[in-house]
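> Right, I'll just put the structure down here and ask away after.
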Amino acid sequence: MLVAVAVFPGTNCEIDTKYAFEKLGQEVVLVFHKEEKLPEGTDLVVLPGGFSYGDYLRSAAIAKFSPIMKAVIDFANQGGKVLGICNGFQMLVEARLLPGAMKRNENVHFISQFHHLKVIANDNTFLQKCSVGELLNVPIAHGEGSFYIDEAGLKELYANHQVLLTYTNEKGDVQNPNGSVDSIAGICNHAKNVFGLMPHPERAIEKILGSDDGVKMLEGFLN
Amino acid sequence: MKVIVNIQLKNGVLDPQGKAVHHALSSLKFDEVNDVRIGKQIILDIAESDKAKAHERVTIMCDELLANTVIEDYTIEFPAC
């Protein structure tokens with residue numbers, strides 16, 4: 001599988017993301033934001049975490065106009081698989097490839113810690129190796145990760161199994177770190193080829209670093 | 001021509017910054033404050049002398065980039081200079 005990881009000025013998780021997919025035996029290419037095309041044969045595009053364009057104006061507001069994003073949007077609209085992690089999730093909502101919007105964390109602080117997540121839906125490529133209700137321990141690191149969507153949009157997300165992950169404590173009870181609507185940590189689009197989450201699965205791939213729960217998440221894309 | 005764009009979170013969308021500042025004002029005993037909302041102001045200098053045309057262009061700028069209309073409202077003003 002060929003994984004294209006997009007790199008914007010201010011992106012800082014591209015090497016971790018590359019390392020994670022290479023550890024899973026995949027070929028990974030970093031693609032600079034000024035490129036107008038994705039590499040031939042790209043199977044998955046990952047928009048990694050960081051602070052693209054300094055997060056000026058709003059997180060990811062400027063990144064969505066990068067030349068490479070036009071190619072990513074075309075790729076997604078043709079059914080190509082796209083995964084947005086953290087700042088990448090923010091890009092996907094800014095580019096309207098995913099519904100909703102991202103706000104400052106409710107407590108106004110940048111939060112960087114391990115957090116438990118509960119799998120809400122696994123009838124999709126991304127979380128097919130996880131079971132519904134399963135708990136995953138994955139780091140979060142964001143200041144603007146409060147997911148917002150209006151009531152009608154939320155209903156639609158649930159009806160189509162687009163709510164993928166929610167924040168919980170280690171027992172699986174709701175624990176909302178940032179004020180996201182319904183404690184939502186990750187969603188996908190209606191066609192289930194575009195995925196976004198604030199937590200960092202690429203930082204949870206080795207037990208020595210605290211958790212390898214991210215492996216089975218990323219492995220979902222492998223076949 | 002100078003154009004001022006004011007951007008605010010929509011009514012009903014919780015403003016955590018406003019809430020934090022409100023809390024700080026309360027602890028400084030400014031008890032008369034009922035609510036605080038924080039927005040941002042963008043001041044543009046554009047090469048256009050026709051107000052209506054400028055308004056039209058800045059509206060497009062707001063919808064495409066300056067505001068996220070899912071959660072934010074904006075107003076466009078022309079300051080007297």
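In the structure tokens, chains take the letters A, B, ... in the order shown, each chain's residues start at 1, and ligands count up from 1 in the order shown.
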Near chain A, which residues of chain B fall within 10 Å when you count only C-alpha atoms, and what do they look like as a ChimeraX atom specification?
/B:9,13-20,40,42,64-72
> Could you please take those selected residues and save C-alpha atoms as a compact mmCIF listing (two decimals), in the first residue's frame?

# COMPACT_ATOMS: atom_id res chain seq x y z
CA LEU B 9 -19.16 32.80 17.41
CA VAL B 13 -22.37 28.37 20.31
CA LEU B 14 -20.52 28.29 23.62
CA ASP B 15 -17.61 30.76 23.73
CA PRO B 16 -15.04 29.28 26.14
CA GLN B 17 -12.72 32.30 25.95
CA GLY B 18 -15.58 34.67 26.74
CA LYS B 19 -16.58 32.45 29.63
CA ALA B 20 -13.05 32.41 31.05
CA LYS B 40 -11.88 38.92 16.23
CA ILE B 42 -9.84 41.92 10.66
CA GLU B 64 -14.40 31.43 1.72
CA LEU B 65 -11.75 32.09 4.34
CA LEU B 66 -12.14 34.74 7.02
CA ALA B 67 -15.08 33.16 8.89
CA ASN B 68 -16.16 29.58 9.40
CA THR B 69 -19.88 30.03 8.84
CA VAL B 70 -20.69 26.72 10.53
CA ILE B 71 -19.95 28.34 13.90
CA GLU B 72 -19.24 32.03 13.21
> From a DSSP calculation on the backbone, collect every residue of chain B in alpha helix (DSSP H) and output the set as JSON, numbers by chain.
{"B": [16, 17, 18, 19, 20, 21, 22, 23, 24, 25, 26, 27, 51, 52, 53, 54, 55, 56, 57, 58, 59, 60, 61]}
> Convert the current residue selection to file output with N, CA and C atoms, as a PDB file, in the first residue's frame.

ATOM      1  N   PRO B  16     -15.828  29.574  24.944  1.00  0.00           N
ATOM      2  CA  PRO B  16     -15.044  29.280  26.144  1.00  0.00           C
ATOM      3  C   PRO B  16     -14.121  30.421  26.564  1.00  0.00           C
ATOM      4  N   GLN B  17     -13.570  31.168  25.590  1.00  0.00           N
ATOM      5  CA  GLN B  17     -12.717  32.303  25.948  1.00  0.00           C
ATOM      6  C   GLN B  17     -13.519  33.369  26.670  1.00  0.00           C
ATOM      7  N   GLY B  18     -14.710  33.667  26.121  1.00  0.00           N
ATOM      8  CA  GLY B  18     -15.583  34.666  26.743  1.00  0.00           C
ATOM      9  C   GLY B  18     -15.934  34.254  28.159  1.00  0.00           C
ATOM     10  N   LYS B  19     -16.207  32.957  28.319  1.00  0.00           N
ATOM     11  CA  LYS B  19     -16.583  32.447  29.628  1.00  0.00           C
ATOM     12  C   LYS B  19     -15.436  32.602  30.634  1.00  0.00           C
ATOM     13  N   ALA B  20     -14.219  32.302  30.172  1.00  0.00           N
ATOM     14  CA  ALA B  20     -13.048  32.408  31.051  1.00  0.00           C
ATOM     15  C   ALA B  20     -12.813  33.867  31.457  1.00  0.00           C
ATOM     16  N   VAL B  21     -12.978  34.782  30.496  1.00  0.00           N
ATOM     17  CA  VAL B  21     -12.763  36.202  30.799  1.00  0.00           C
ATOM     18  C   VAL B  21     -13.870  36.715  31.724  1.00  0.00           C
ATOM     19  N   HIS B  22     -15.095  36.252  31.487  1.00  0.00           N
ATOM     20  CA  HIS B  22     -16.203  36.629  32.364  1.00  0.00           C
ATOM     21  C   HIS B  22     -15.906  36.201  33.800  1.00  0.00           C
ATOM     22  N   HIS B  23     -15.403  34.984  33.930  1.00  0.00           N
ATOM     23  CA  HIS B  23     -15.064  34.451  35.246  1.00  0.00           C
ATOM     24  C   HIS B  23     -13.992  35.323  35.916  1.00  0.00           C
ATOM     25  N   ALA B  24     -12.984  35.728  35.123  1.00  0.00           N
ATOM     26  CA  ALA B  24     -11.899  36.561  35.669  1.00  0.00           C
ATOM     27  C   ALA B  24     -12.431  37.928  36.087  1.00  0.00           C
ATOM     28  N   LEU B  25     -13.331  38.510  35.277  1.00  0.00           N
ATOM     29  CA  LEU B  25     -13.915  39.809  35.627  1.00  0.00           C
ATOM     30  C   LEU B  25     -14.719  39.688  36.923  1.00  0.00           C
ATOM     31  N   SER B  26     -15.448  38.579  37.045  1.00  0.00           N
ATOM     32  CA  SER B  26     -16.239  38.373  38.269  1.00  0.00           C
ATOM     33  C   SER B  26     -15.326  38.293  39.481  1.00  0.00           C
ATOM     34  N   SER B  27     -14.178  37.623  39.334  1.00  0.00           N
ATOM     35  CA  SER B  27     -13.296  37.498  40.492  1.00  0.00           C
ATOM     36  C   SER B  27     -12.623  38.828  40.815  1.00  0.00           C
ATOM     37  N   LYS B  51     -18.330  51.265  -2.633  1.00  0.00           N
ATOM     38  CA  LYS B  51     -18.676  50.572  -1.395  1.00  0.00           C
ATOM     39  C   LYS B  51     -19.438  49.275  -1.631  1.00  0.00           C
ATOM     40  N   ALA B  52     -20.404  49.330  -2.547  1.00  0.00           N
ATOM     41  CA  ALA B  52     -21.226  48.149  -2.812  1.00  0.00           C
ATOM     42  C   ALA B  52     -20.371  47.007  -3.352  1.00  0.00           C
ATOM     43  N   LYS B  53     -19.448  47.370  -4.273  1.00  0.00           N
ATOM     44  CA  LYS B  53     -18.568  46.352  -4.843  1.00  0.00           C
ATOM     45  C   LYS B  53     -17.659  45.783  -3.774  1.00  0.00           C
ATOM     46  N   ALA B  54     -17.119  46.680  -2.926  1.00  0.00           N
ATOM     47  CA  ALA B  54     -16.228  46.247  -1.852  1.00  0.00           C
ATOM     48  C   ALA B  54     -16.976  45.291  -0.926  1.00  0.00           C
ATOM     49  N   HIS B  55     -18.221  45.644  -0.615  1.00  0.00           N
ATOM     50  CA  HIS B  55     -19.026  44.804   0.277  1.00  0.00           C
ATOM     51  C   HIS B  55     -19.212  43.412  -0.311  1.00  0.00           C
ATOM     52  N   GLU B  56     -19.477  43.390  -1.587  1.00  0.00           N
ATOM     53  CA  GLU B  56     -19.684  42.121  -2.280  1.00  0.00           C
ATOM     54  C   GLU B  56     -18.430  41.239  -2.221  1.00  0.00           C
ATOM     55  N   ARG B  57     -17.272  41.864  -2.506  1.00  0.00           N
ATOM     56  CA  ARG B  57     -16.004  41.118  -2.509  1.00  0.00           C
ATOM     57  C   ARG B  57     -15.655  40.619  -1.105  1.00  0.00           C
ATOM     58  N   VAL B  58     -15.835  41.492  -0.109  1.00  0.00           N
ATOM     59  CA  VAL B  58     -15.454  41.108   1.259  1.00  0.00           C
ATOM     60  C   VAL B  58     -16.386  40.007   1.775  1.00  0.00           C
ATOM     61  N   THR B  59     -17.642  40.033   1.338  1.00  0.00           N
ATOM     62  CA  THR B  59     -18.567  38.956   1.721  1.00  0.00           C
ATOM     63  C   THR B  59     -18.035  37.610   1.220  1.00  0.00           C
ATOM     64  N   ILE B  60     -17.539  37.602  -0.013  1.00  0.00           N
ATOM     65  CA  ILE B  60     -16.978  36.349  -0.556  1.00  0.00           C
ATOM     66  C   ILE B  60     -15.748  35.927   0.255  1.00  0.00           C
ATOM     67  N   MET B  61     -14.905  36.936   0.589  1.00  0.00           N
ATOM     68  CA  MET B  61     -13.710  36.631   1.402  1.00  0.00           C
ATOM     69  C   MET B  61     -14.101  35.991   2.729  1.00  0.00           C
TER      70      MET B  61
END
> Write out as an mmCIF file with C-alpha atoms, in the first residue's frame each polymer residue whose atoms come within 9 Å of A:His116, counting only C-alpha atoms; drop sequence neighbours fewer than 4 positions from it.

data_model
loop_
_atom_site.group_PDB
_atom_site.id
_atom_site.type_symbol
_atom_site.label_atom_id
_atom_site.label_comp_id
_atom_site.auth_asym_id
_atom_site.auth_seq_id
_atom_site.Cartn_x
_atom_site.Cartn_y
_atom_site.Cartn_z
ATOM 1 C CA LEU A 135 -11.545 0.928 24.812
ATOM 2 C CA LEU A 136 -8.356 2.309 23.285
ATOM 3 C CA ASN A 137 -5.691 4.350 25.087
ATOM 4 C CA VAL A 138 -4.289 6.976 22.735
ATOM 5 C CA PRO A 139 -2.597 10.362 23.253
ATOM 6 C CA THR A 166 -15.835 9.070 21.898
ATOM 7 C CA TYR A 167 -13.711 10.188 24.858
ATOM 8 C CA THR A 168 -14.153 8.112 28.013
ATOM 9 C CA ASN A 169 -12.338 7.238 31.228
ATOM 10 C CA GLU A 170 -10.539 3.903 31.687
ATOM 11 C CA LYS A 171 -13.856 2.250 32.619
ATOM 12 C CA GLY A 172 -15.574 3.396 29.453
ATOM 13 C CA GLN A 175 -15.154 11.765 30.146
#
> Taking the chain letters and numbering used in this document, name the residues of stretch 2-174 of chain A that DSSP puts in strand (DSSP E), as a ChimeraX atom specification.
/A:2-7,27-32,44-47,81-85,101-103,111-119,135-142,146-148,163-168
> Find the residues around A:Val72 up to 12 Å (only C-alpha atoms counted), leave out those fewer than 3 positions away in its own chain, and share them as a PyMOL selection string.
chain A and resi 4-6+31+33+35-39+42-47+63-69+75-84+88+91-92+95+97+194
> Can you pull out the residues contacting A:Asp213? Cut-off 10 Å, using only C-alpha atoms, and skip same-chain residues under 3 positions away; I want them as a list of chain:residue names.
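So, after excluding close chain neighbours, the residues are A:Cys130, A:Leu135, A:Leu136, A:Asn137, A:Val138, A:Pro201, A:Glu202, A:Arg203, A:Ala204, A:Ile205, A:Glu206, A:Lys207, A:Gly210, A:Lys216, A:Met217, A:Leu218.
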> May I have the residues from that selection written out with C-alpha atoms, as a PDB file, in the first residue's frame?

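After the write, out_39.pdb holds the following:
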ATOM      1  CA  CYS A 130     -11.593  -2.952  16.607  1.00  0.00           C
ATOM      2  CA  LEU A 135     -11.545   0.928  24.812  1.00  0.00           C
ATOM      3  CA  LEU A 136      -8.356   2.309  23.285  1.00  0.00           C
ATOM      4  CA  ASN A 137      -5.691   4.350  25.087  1.00  0.00           C
ATOM      5  CA  VAL A 138      -4.289   6.976  22.735  1.00  0.00           C
ATOM      6  CA  PRO A 201      -2.972   6.726  16.845  1.00  0.00           C
ATOM      7  CA  GLU A 202       0.509   7.145  15.277  1.00  0.00           C
ATOM      8  CA  ARG A 203       1.834   7.979  18.752  1.00  0.00           C
ATOM      9  CA  ALA A 204       0.420   4.770  20.218  1.00  0.00           C
ATOM     10  CA  ILE A 205       2.185   2.038  18.268  1.00  0.00           C
ATOM     11  CA  GLU A 206       4.751   0.782  20.781  1.00  0.00           C
ATOM     12  CA  LYS A 207       4.162  -0.477  24.328  1.00  0.00           C
ATOM     13  CA  GLY A 210       2.777   3.792  26.753  1.00  0.00           C
ATOM     14  CA  LYS A 216      -5.037  -2.008  15.213  1.00  0.00           C
ATOM     15  CA  MET A 217      -6.558   1.354  14.261  1.00  0.00           C
ATOM     16  CA  LEU A 218      -4.068   2.065  11.497  1.00  0.00           C
TER      17      LEU A 218
END
> So, counting only C-alpha atoms, which residue among A:Leu164, A:Leu127, A:Val29, A:Ala71 is closest to A:Asn189?
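Among A:Leu164, A:Leu127, A:Val29, A:Ala71, it is A:Leu164 that comes nearest to A:Asn189.
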> What's the 7 Å shell around B:Tyr74, counting only C-alpha atoms, without same-chain residues fewer than 4 positions away, as a list in words?
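Those residues are Val5, Asn6, Ile7, Gln8 and Ala67 of chain B.
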> Find the distance between atom CA of A:Ala191 and atom CA of A:Gly220 and write it in Å to one decimal.
16.3 Å
> Figure out the distance between atom CA of A:Glu144 and atom CA of B:Leu28, please, to one decimal in Å.
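It comes out at 27.4 Å.
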> A:Ile111: which residues within 8 Å, counting only C-alpha atoms, same-chain residues fewer than 3 positions away excluded, as an MDAnalysis selection string?
chainID A and resid 140:143 177
> Would you export the selected residues with N, CA and C atoms as a compact mmCIF listing (two decimals), in the first residue's frame, please?

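The resulting result-v2.txt:
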# COMPACT_ATOMS: atom_id res chain seq x y z
N ILE A 140 -3.82 12.45 23.22
CA ILE A 140 -4.42 13.62 22.56
C ILE A 140 -3.50 14.81 22.82
N ALA A 141 -3.46 15.75 21.90
CA ALA A 141 -2.61 16.94 22.06
C ALA A 141 -3.18 18.05 21.19
N HIS A 142 -4.07 18.84 21.77
CA HIS A 142 -4.69 19.91 20.97
C HIS A 142 -5.25 21.03 21.83
N GLY A 143 -5.35 22.21 21.22
CA GLY A 143 -5.96 23.36 21.88
C GLY A 143 -7.32 23.69 21.29
N PRO A 177 -12.82 15.70 27.53
CA PRO A 177 -11.70 16.58 27.88
C PRO A 177 -11.82 18.00 27.31
